Each structure stands twice: as C-alpha cells, then as structure tokens.
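First up is the structure itself, then whatever we jot down about it.
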Amino acid sequence: MIREFAGADIIYLIEAARWTLLLALTATVGGGLLGIVVAVLRVIPFRPLSWLAIAWINLIQGTPLLGQLFVFFFGLPLVGLSVDAWTAAALSLSIYASAFFGEIWRGSLQSVSQRQWEAGAALGLTYAQRLGHVVLPQAIRISIAPTVGFLVQLVKNTSLTALIGFVELTRASQIISGATFAPLPVYLTAAVIYFVICFSLSQLAHMLERRLHVAR
Amino acid sequence: MSLVELVDIRKRFGAVEVLKGISLTLEKGEIVAVIGRSGSGKSTMLRCINGLEKVQAGRIVVDGIDVTAPKADLNLLRQRAGMVFQSYNLFPHLNVERNIMLALKLVRKLDTSAAREVARAVVTKVGLADKLHAYPDELSGGQQQRVAIARSLAMQPTLMLFDEITSALDPELVGEVLRVLEGVASEGMTMMLVTHEMNFAKNVADRVIFMHEGRIHEDGPARETLLEPRTAELRSFLNAVLH
C-alpha cells in the first residue's frame, strides 16, 4: 500500500537521526580514547610501538569504511561472535575514527614549536608541567578545526551503516521512501537534517576557536 | 666561589664540534657580553649553562649546582639561571599576566594573589603595566621581548642569560629592550649576554668574551677589549660588524 509522505514521516526521520547522532557520539568517545593511544604511540621514542601505530593508521585509512563494517558484521559471526548491527557499527566507526583522531592530534602536538618546550624548561617547569600547561593547551586549540572537520565526515559516514541494516537516518529514509514512493522529498528532508547537524558542528568549532584565543 | 664555572667543556652536534674546550668563570654581579661570528658557539655555550644542551665533556657548575652531573636537578638550576631567547617565546595562549604567573604558581608555589602581585610589579618595571591583560600577538616584538624579560625576572634568578635578544627586532624597537636591560644591569644582576650590540657591550658590560671557532679567543674588560683588540680575528670581526 502506497501512502503520502506526511508530517509523521518527518518525525520518524528526526527520531532516526537520534541514532545517527548517538552512533557518531559513540564513535567520537571510543575513537577519541583509542586515538589518544594512537597519538601517544606515534610520538614516544620507542620505534616498535610507533611502527605498530603507523601500521594501524595505514590499515584503517587505506581500506574503505564499508569494508571494515562488513568485516565486523559478517566476519565476527564466522569466529563465533554474534554481533548486532549497532555493535558492529559502533565498533568499526570507533576504530575508523581512532586512526584519524590519532593522526590529527599527533600533528597538532608536533606543530607546537620546540621553542615553547624550551621556554617552559627555562622557567624551571617539569616535563609534565610543560606538556600540561604550555604545549597541550596550544595543541588542543590547533586541533579544533581539523577535529571538527573529521567529526563532520564521521556524522555523514554513519550513513554507511544503513547497509548492514542499522536504522539511522539514511536507513529510515530508505524505509519511508519505499513506503511512499516519494524519494525526493524524503531524501531532501534527510539531507536537511544532516546539514543542520554538520553546520552546527562547524559553527561550534568557530566559536571555540574565537573563545580560546588560537595562536596565529 | 664563582657563580658560574665552566671547565673545558666540549659539545658536538653530530660530526661538528661546536665547543672545543671552553673554560671560564663568572663572578656574582658581573655583566659579560659574549660576541663572535655566527657559528662560533656563543649561543650553544649559553644553552649549555642552563642545561638546554648537554655537553660531551667537561664540567659546568652554576650557583653550586653541578649541571653536568648525571642526576642534576635541572629544574632547580633553571630557577636560578633565567634565560631570555631571541624569539621571545611567550606562551601565545596566555595573556601577559598569566604568562608571568604560570611558573610563579607551578614552580615557586605562590598563590594566585601573590603571583599576580609579582606579575604586576615586574611588568611595571619593564614599562608595560597597561599591557597586563594583552595577549602576545597583540604586542610588538619589542614589547614581547620586554615581557619575556619580566617573566624571567619574576622568578628572582641569581643569573640571567640573554641569547641575542634584540636580533629578531626591527631596528627601531631595539632601544626599548636595551634600556630594560640597562635597568636590570643597574640592579646588580649577574648577566651573560650573547649580543651583536657592540655599543651596549662597551657601555654596559664589565667584560667581553670573543668566541671564535668554538674557543674563547679573547676575554677581558669590555672597553679595553673592544677598543684595543689584541688579536687579528677580533679586529676583523669588529671591522665587519661596525662598518
């Protein structure tokens, strides 16, 4: 039975967008924590661990996210671990995000001039104080723009999880489009919702950069 | 005992030996200008004194602290030996007041109000009381360097090291920084400056050290050494910088 695209469908899409947000948020937290580990392994002067981190980054950045999703969703059951779509999606997006966050944050950390470390040292600050009070605050400010840039990508990439049947904004649009045969208004509505989320993130980043006195 | 004592220090960067056996002593209250061509090892020597560079051989003792000892307390050393750099190196994310308060609170363990008091005092001393809440990128190079000097002075060091602190400045801003230096000198601070300002060296320093190819080539009273150089190398260096 075909029905009209109605107000209730828009509500349904907005509700589905909560899963998009929740998935992006989970991947941000999970990928963020793992990303810190990746960034630290990249900078500590112990080669084998750096190589491990580099291999991790290359493996993840060099393969499509969709493939990674399929590996978790279809691959894990083969070794006896049954996972639902949410778990597979959250896991693979977190791992995906960790590689990008790791590189963004390593770059931000290393872009703070060596002279800032020296200036801190010359005032008698310990290594931890130099890192915590001088270098990290600057690195964090530098990292805001690229981090949010990646977050925007992450929000949009959650749409790939529709392909393993996770009902977020894109999958919900497919369902409604199938029921109403009105793909254009449905997907336009979905696009507006994605835009609102992503545009808000970018605006937030601009605001933070202004507020935190980013070094020029 | 001398405040600073260098005994036959040697420093290599890879295959290049930058310091080829430097020995000198510095007494409390002395103001020493270190001059020489770029690459002669002046800055490296200065950086060795507060442990920013490690030496391969020799001994450095500053205010009773053996800098070259394996377990030297470099953070304690650096509280006693303040350093100001050519590129100012203020913390860009902190305003002037907080640039100065940071180490006062973390290293000297002052509480916020005491640290604020000290910050206000030293900033006034360098003539920038109205810039207390400005960020470094809102200041001129000369003003940034004066803040850097104030930040170092705030730690109440017994010795100040200045590494070509006017070299990055536009010519019209050099004077204001040198005047601050003169002020610091007049208060009896022990100072070692790597500098290209020969007039300043002549008029303010007690002693001049001329470095050449990793060695101390001349070492004597400032005026006499600069006006009547004994060696051909210093003569040709002075000719090159004064003309």
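Chain identifiers are assigned as A, B, and so on, following the order in which chains appear in the structure tokens; residues are numbered from 1 within each chain, and ligands are numbered from 1 in order of appearance.
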
Give as a ChimeraX atom specification every residue of chain A that touches chain B within 10 Å, counting only C-alpha atoms.
/A:113-127,129-130,133-135,137-138,141,212-216

Using backbone DSSP assignments, extract all alpha helix (DSSP H) residues from segment 24-170 of chain B; output them as a ChimeraX atom specification.
/B:42-49,74-80,96-106,112-125,141-153

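Coordinates place atom CA of Ala88 of chain A at a distance of 26.3 Å from atom CA of Ile11 of chain A.
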
Check which residues of segment 87-188 of chain A sit at most 8 Å from segment 199-203 of chain A using only C-alpha atoms, and return one row each with the closest pair of atoms and their distance in Å to one decimal, ordered by chain and rising number, as CSV.
```
residue,atom,partner,partner_atom,distance
A:Val148,CA,A:Ser202,CA,6.6
A:Gly149,CA,A:Ser202,CA,7.4
A:Leu151,CA,A:Leu201,CA,7.9
A:Val152,CA,A:Leu201,CA,7.1
```

I need the residues from that last selection saved to file as a PDB file, in the first residue's frame (with N, CA and C atoms), if you can.
```pdb
ATOM      1  N   VAL A 148      37.007  18.898  14.295  1.00  0.00           N
ATOM      2  CA  VAL A 148      35.604  19.088  13.945  1.00  0.00           C
ATOM      3  C   VAL A 148      35.378  18.751  12.473  1.00  0.00           C
ATOM      4  N   GLY A 149      36.343  19.067  11.642  1.00  0.00           N
ATOM      5  CA  GLY A 149      36.241  18.702  10.233  1.00  0.00           C
ATOM      6  C   GLY A 149      36.051  17.205  10.088  1.00  0.00           C
ATOM      7  N   LEU A 151      34.862  15.225  12.450  1.00  0.00           N
ATOM      8  CA  LEU A 151      33.578  14.867  13.058  1.00  0.00           C
ATOM      9  C   LEU A 151      32.439  14.990  12.046  1.00  0.00           C
ATOM     10  N   VAL A 152      32.532  16.024  11.220  1.00  0.00           N
ATOM     11  CA  VAL A 152      31.516  16.216  10.185  1.00  0.00           C
ATOM     12  C   VAL A 152      31.524  15.026   9.225  1.00  0.00           C
TER      13      VAL A 152
END
```

Quick one: DSSP strand (DSSP E) residues in segment 47-109 of chain B, as JSON, numbers by chain?
{"B": [57, 58, 59, 60, 61, 62, 65, 66, 81, 82, 83, 84]}

Requested write-out: all heavy atoms of the selected residues, as a compact mmCIF listing (two decimals), in the first residue's frame:
```
# COMPACT_ATOMS: atom_id res chain seq x y z
N ALA B 57 81.81 16.61 27.17
CA ALA B 57 82.92 16.52 28.13
C ALA B 57 83.04 17.83 28.86
O ALA B 57 82.59 18.87 28.39
CB ALA B 57 84.23 16.21 27.39
N GLY B 58 83.65 17.79 30.04
CA GLY B 58 83.84 18.99 30.82
C GLY B 58 82.84 19.09 31.96
O GLY B 58 82.00 18.22 32.14
N ARG B 59 82.96 20.19 32.72
CA ARG B 59 82.14 20.34 33.91
C ARG B 59 81.56 21.75 33.95
O ARG B 59 82.24 22.72 33.62
CB ARG B 59 83.04 20.12 35.14
CG ARG B 59 82.36 19.56 36.34
CD ARG B 59 83.45 19.13 37.32
NE ARG B 59 83.45 20.03 38.48
CZ ARG B 59 82.70 19.82 39.56
NH1 ARG B 59 81.90 18.77 39.63
NH2 ARG B 59 82.75 20.66 40.58
N ILE B 60 80.30 21.86 34.32
CA ILE B 60 79.66 23.16 34.47
C ILE B 60 79.03 23.22 35.85
O ILE B 60 78.25 22.34 36.21
CB ILE B 60 78.55 23.38 33.41
CG1 ILE B 60 79.12 23.26 31.99
CG2 ILE B 60 77.88 24.73 33.60
CD1 ILE B 60 78.05 23.28 30.90
N VAL B 61 79.40 24.24 36.63
CA VAL B 61 78.78 24.42 37.94
C VAL B 61 78.16 25.81 37.99
O VAL B 61 78.81 26.80 37.66
CB VAL B 61 79.81 24.26 39.09
CG1 VAL B 61 79.12 24.41 40.44
CG2 VAL B 61 80.49 22.90 39.00
N VAL B 62 76.88 25.86 38.32
CA VAL B 62 76.17 27.14 38.40
C VAL B 62 75.55 27.27 39.77
O VAL B 62 74.71 26.45 40.15
CB VAL B 62 75.07 27.24 37.32
CG1 VAL B 62 74.29 28.55 37.47
CG2 VAL B 62 75.65 27.13 35.93
N ILE B 65 75.29 24.22 41.73
CA ILE B 65 74.64 23.05 41.13
C ILE B 65 75.52 22.52 39.99
O ILE B 65 75.87 23.26 39.08
CB ILE B 65 73.26 23.41 40.56
CG1 ILE B 65 72.36 23.96 41.66
CG2 ILE B 65 72.61 22.20 39.88
CD1 ILE B 65 71.04 24.53 41.16
N ASP B 66 75.89 21.25 40.08
CA ASP B 66 76.70 20.65 39.02
C ASP B 66 75.79 20.26 37.85
O ASP B 66 75.10 19.25 37.88
CB ASP B 66 77.43 19.42 39.56
CG ASP B 66 78.38 18.83 38.50
OD1 ASP B 66 78.28 19.22 37.32
OD2 ASP B 66 79.21 17.98 38.88
N ALA B 81 68.96 30.25 37.10
CA ALA B 81 69.55 30.83 35.89
C ALA B 81 68.44 31.07 34.87
O ALA B 81 68.06 30.19 34.12
CB ALA B 81 70.60 29.88 35.31
N GLY B 82 67.89 32.29 34.85
CA GLY B 82 66.82 32.62 33.92
C GLY B 82 67.38 32.80 32.52
O GLY B 82 68.57 33.10 32.36
N MET B 83 66.53 32.58 31.52
CA MET B 83 67.02 32.74 30.15
C MET B 83 65.98 33.43 29.30
O MET B 83 64.79 33.17 29.39
CB MET B 83 67.34 31.38 29.55
CG MET B 83 67.91 31.47 28.15
SD MET B 83 68.87 29.99 27.78
CE MET B 83 69.65 30.44 26.26
N VAL B 84 66.46 34.35 28.45
CA VAL B 84 65.59 35.04 27.50
C VAL B 84 66.11 34.72 26.11
O VAL B 84 67.32 34.73 25.87
CB VAL B 84 65.57 36.56 27.74
CG1 VAL B 84 64.60 37.25 26.78
CG2 VAL B 84 65.18 36.86 29.19
```

Taking only C-alpha atoms into account, name the residue in B:Thr190, B:Gln143, B:Thr231, B:Thr158 that is nearest to Leu173 of chain B.
B:Gln143

Contacts of Arg146 of chain B at 8 Å (only C-alpha atoms; same-chain gap of 6+ positions) as a PDB file with C-alpha atoms, in the first residue's frame:
```pdb
ATOM      1  CA  VAL B 126      59.634  46.929  32.065  1.00  0.00           C
ATOM      2  CA  VAL B 177      64.728  46.443  25.035  1.00  0.00           C
ATOM      3  CA  VAL B 180      65.233  47.479  30.060  1.00  0.00           C
TER       4      VAL B 180
END
```

Could you name the residues that touch Ala139 of chain A at 9 Å or less, counting only C-alpha atoms, but leaving out those on the same chain fewer than 6 positions away, as a tab-separated table (two decimals) with N, CA, C and O atoms, in the first residue's frame?
```
chain	number	residue	atom	x	y	z
A	105	TRP	N	45.75	14.54	16.09
A	105	TRP	CA	46.27	15.01	17.38
A	105	TRP	C	47.79	14.93	17.45
A	105	TRP	O	48.43	15.77	18.06
A	106	ARG	N	48.36	13.91	16.83
A	106	ARG	CA	49.83	13.87	16.77
A	106	ARG	C	50.34	15.10	16.04
A	106	ARG	O	51.26	15.79	16.49
A	107	GLY	N	49.72	15.40	14.90
A	107	GLY	CA	50.14	16.57	14.13
A	107	GLY	C	50.00	17.85	14.93
A	107	GLY	O	50.88	18.71	14.90
A	108	SER	N	48.92	17.98	15.66
A	108	SER	CA	48.70	19.19	16.45
A	108	SER	C	49.76	19.33	17.53
A	108	SER	O	50.31	20.41	17.76
A	109	LEU	N	50.05	18.20	18.17
A	109	LEU	CA	51.06	18.19	19.24
A	109	LEU	C	52.43	18.60	18.70
A	109	LEU	O	53.13	19.41	19.28
A	110	GLN	N	52.76	18.03	17.53
A	110	GLN	CA	54.10	18.29	16.98
A	110	GLN	C	54.18	19.65	16.31
A	110	GLN	O	55.27	20.13	16.04
A	111	SER	N	53.03	20.28	16.05
A	111	SER	CA	53.09	21.60	15.42
A	111	SER	C	53.34	22.70	16.45
A	111	SER	O	53.59	23.84	16.09
A	112	VAL	N	53.29	22.37	17.74
A	112	VAL	CA	53.69	23.36	18.74
A	112	VAL	C	55.22	23.41	18.74
A	112	VAL	O	55.88	22.38	18.85
```

Skipping near chain neighbours, those fewer than 6 positions away, what residues fall within 7 Å of segment 175-183 of chain A using only C-alpha atoms, listed as a PyMOL selection string?
chain A and resi 2-5

Between atom CA of Leu154 of chain A and atom CA of Val167 of chain A, what is the distance, to one decimal in Å?
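Calculated distance between atom CA of Leu154 of chain A and atom CA of Val167 of chain A is 16.5 Å.
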
Do you have the atom CA of Ser23 of chain B-atom CA of Met211 of chain B distance handy?
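Taking atom CA of Ser23 of chain B and atom CA of Met211 of chain B, their separation equals 11.7 Å.
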
Using only C-alpha atoms, which protein or nucleic acid residues come within 9 Å of Val83 of chain A? Drop anything in the same chain fewer than 4 positions from it, and give the result as a PDB file with N, CA, C and O atoms, in the first residue's frame.
```
ATOM      1  N   PHE A  72      33.299  -6.550  10.459  1.00  0.00           N
ATOM      2  CA  PHE A  72      32.769  -6.750  11.813  1.00  0.00           C
ATOM      3  C   PHE A  72      31.398  -7.417  11.800  1.00  0.00           C
ATOM      4  O   PHE A  72      31.121  -8.310  12.593  1.00  0.00           O
ATOM      5  N   PHE A  73      30.534  -7.003  10.850  1.00  0.00           N
ATOM      6  CA  PHE A  73      29.159  -7.502  10.877  1.00  0.00           C
ATOM      7  C   PHE A  73      29.069  -8.950  10.378  1.00  0.00           C
ATOM      8  O   PHE A  73      28.397  -9.776  10.981  1.00  0.00           O
ATOM      9  N   PHE A  74      29.787  -9.237   9.290  1.00  0.00           N
ATOM     10  CA  PHE A  74      29.722 -10.598   8.735  1.00  0.00           C
ATOM     11  C   PHE A  74      30.881 -11.470   9.189  1.00  0.00           C
ATOM     12  O   PHE A  74      30.754 -12.692   9.221  1.00  0.00           O
ATOM     13  N   LEU A  76      32.760 -11.330  12.251  1.00  0.00           N
ATOM     14  CA  LEU A  76      32.785 -11.776  13.640  1.00  0.00           C
ATOM     15  C   LEU A  76      31.908 -13.014  13.882  1.00  0.00           C
ATOM     16  O   LEU A  76      32.337 -13.920  14.605  1.00  0.00           O
ATOM     17  N   PRO A  77      30.720 -13.086  13.266  1.00  0.00           N
ATOM     18  CA  PRO A  77      29.923 -14.314  13.461  1.00  0.00           C
ATOM     19  C   PRO A  77      30.654 -15.575  12.992  1.00  0.00           C
ATOM     20  O   PRO A  77      30.445 -16.660  13.553  1.00  0.00           O
ATOM     21  N   THR A  87      26.302  -2.923  17.482  1.00  0.00           N
ATOM     22  CA  THR A  87      27.638  -3.227  17.986  1.00  0.00           C
ATOM     23  C   THR A  87      28.668  -3.157  16.868  1.00  0.00           C
ATOM     24  O   THR A  87      29.736  -2.546  17.018  1.00  0.00           O
ATOM     25  N   ALA A  88      28.335  -3.773  15.724  1.00  0.00           N
ATOM     26  CA  ALA A  88      29.265  -3.764  14.589  1.00  0.00           C
ATOM     27  C   ALA A  88      29.519  -2.325  14.125  1.00  0.00           C
ATOM     28  O   ALA A  88      30.660  -1.938  13.847  1.00  0.00           O
TER      29      ALA A  88
END
```

Which residues of segment 18-92 of chain B come within 12 Å of segment 226-229 of chain B, and for each one, what is the closest pair of atoms and their distance in Å to one decimal, counting only C-alpha atoms, sorted by chain and residue number, as a tab-separated table?
```
residue	atom	partner	partner_atom	distance
B:Ala33	CA	B:Leu226	CA	10.8
B:Val34	CA	B:Leu226	CA	11.6
B:Ile35	CA	B:Leu226	CA	10.2
B:Gly36	CA	B:Leu226	CA	11.9
```

Dump all heavy atoms for the selected residues as a PDB file, in the first residue's frame?
```pdb
ATOM      1  N   ALA B  33      79.454  40.305  28.124  1.00  0.00           N
ATOM      2  CA  ALA B  33      78.925  40.228  26.763  1.00  0.00           C
ATOM      3  C   ALA B  33      79.740  39.195  25.998  1.00  0.00           C
ATOM      4  O   ALA B  33      80.971  39.216  26.041  1.00  0.00           O
ATOM      5  CB  ALA B  33      79.019  41.582  26.083  1.00  0.00           C
ATOM      6  N   VAL B  34      79.041  38.284  25.322  1.00  0.00           N
ATOM      7  CA  VAL B  34      79.718  37.271  24.515  1.00  0.00           C
ATOM      8  C   VAL B  34      79.500  37.653  23.052  1.00  0.00           C
ATOM      9  O   VAL B  34      78.358  37.770  22.603  1.00  0.00           O
ATOM     10  CB  VAL B  34      79.149  35.863  24.794  1.00  0.00           C
ATOM     11  CG1 VAL B  34      79.914  34.825  23.992  1.00  0.00           C
ATOM     12  CG2 VAL B  34      79.221  35.548  26.281  1.00  0.00           C
ATOM     13  N   ILE B  35      80.589  37.871  22.340  1.00  0.00           N
ATOM     14  CA  ILE B  35      80.473  38.264  20.937  1.00  0.00           C
ATOM     15  C   ILE B  35      81.210  37.268  20.055  1.00  0.00           C
ATOM     16  O   ILE B  35      81.982  36.427  20.552  1.00  0.00           O
ATOM     17  CB  ILE B  35      81.018  39.696  20.695  1.00  0.00           C
ATOM     18  CG1 ILE B  35      82.503  39.756  21.079  1.00  0.00           C
ATOM     19  CG2 ILE B  35      80.222  40.717  21.494  1.00  0.00           C
ATOM     20  CD1 ILE B  35      83.161  41.082  20.699  1.00  0.00           C
ATOM     21  N   GLY B  36      80.959  37.359  18.767  1.00  0.00           N
ATOM     22  CA  GLY B  36      81.620  36.451  17.830  1.00  0.00           C
ATOM     23  C   GLY B  36      80.741  36.223  16.619  1.00  0.00           C
ATOM     24  O   GLY B  36      79.560  36.575  16.624  1.00  0.00           O
TER      25      GLY B  36
END
```

What lies within 12 Å of Phe210 of chain B using only C-alpha atoms, ignoring chain neighbours under 6 positions off, as number ranges by chain?
B: 22, 32-38, 40-42, 193-196, 198, 201, 216-222, 225-226, 229-238
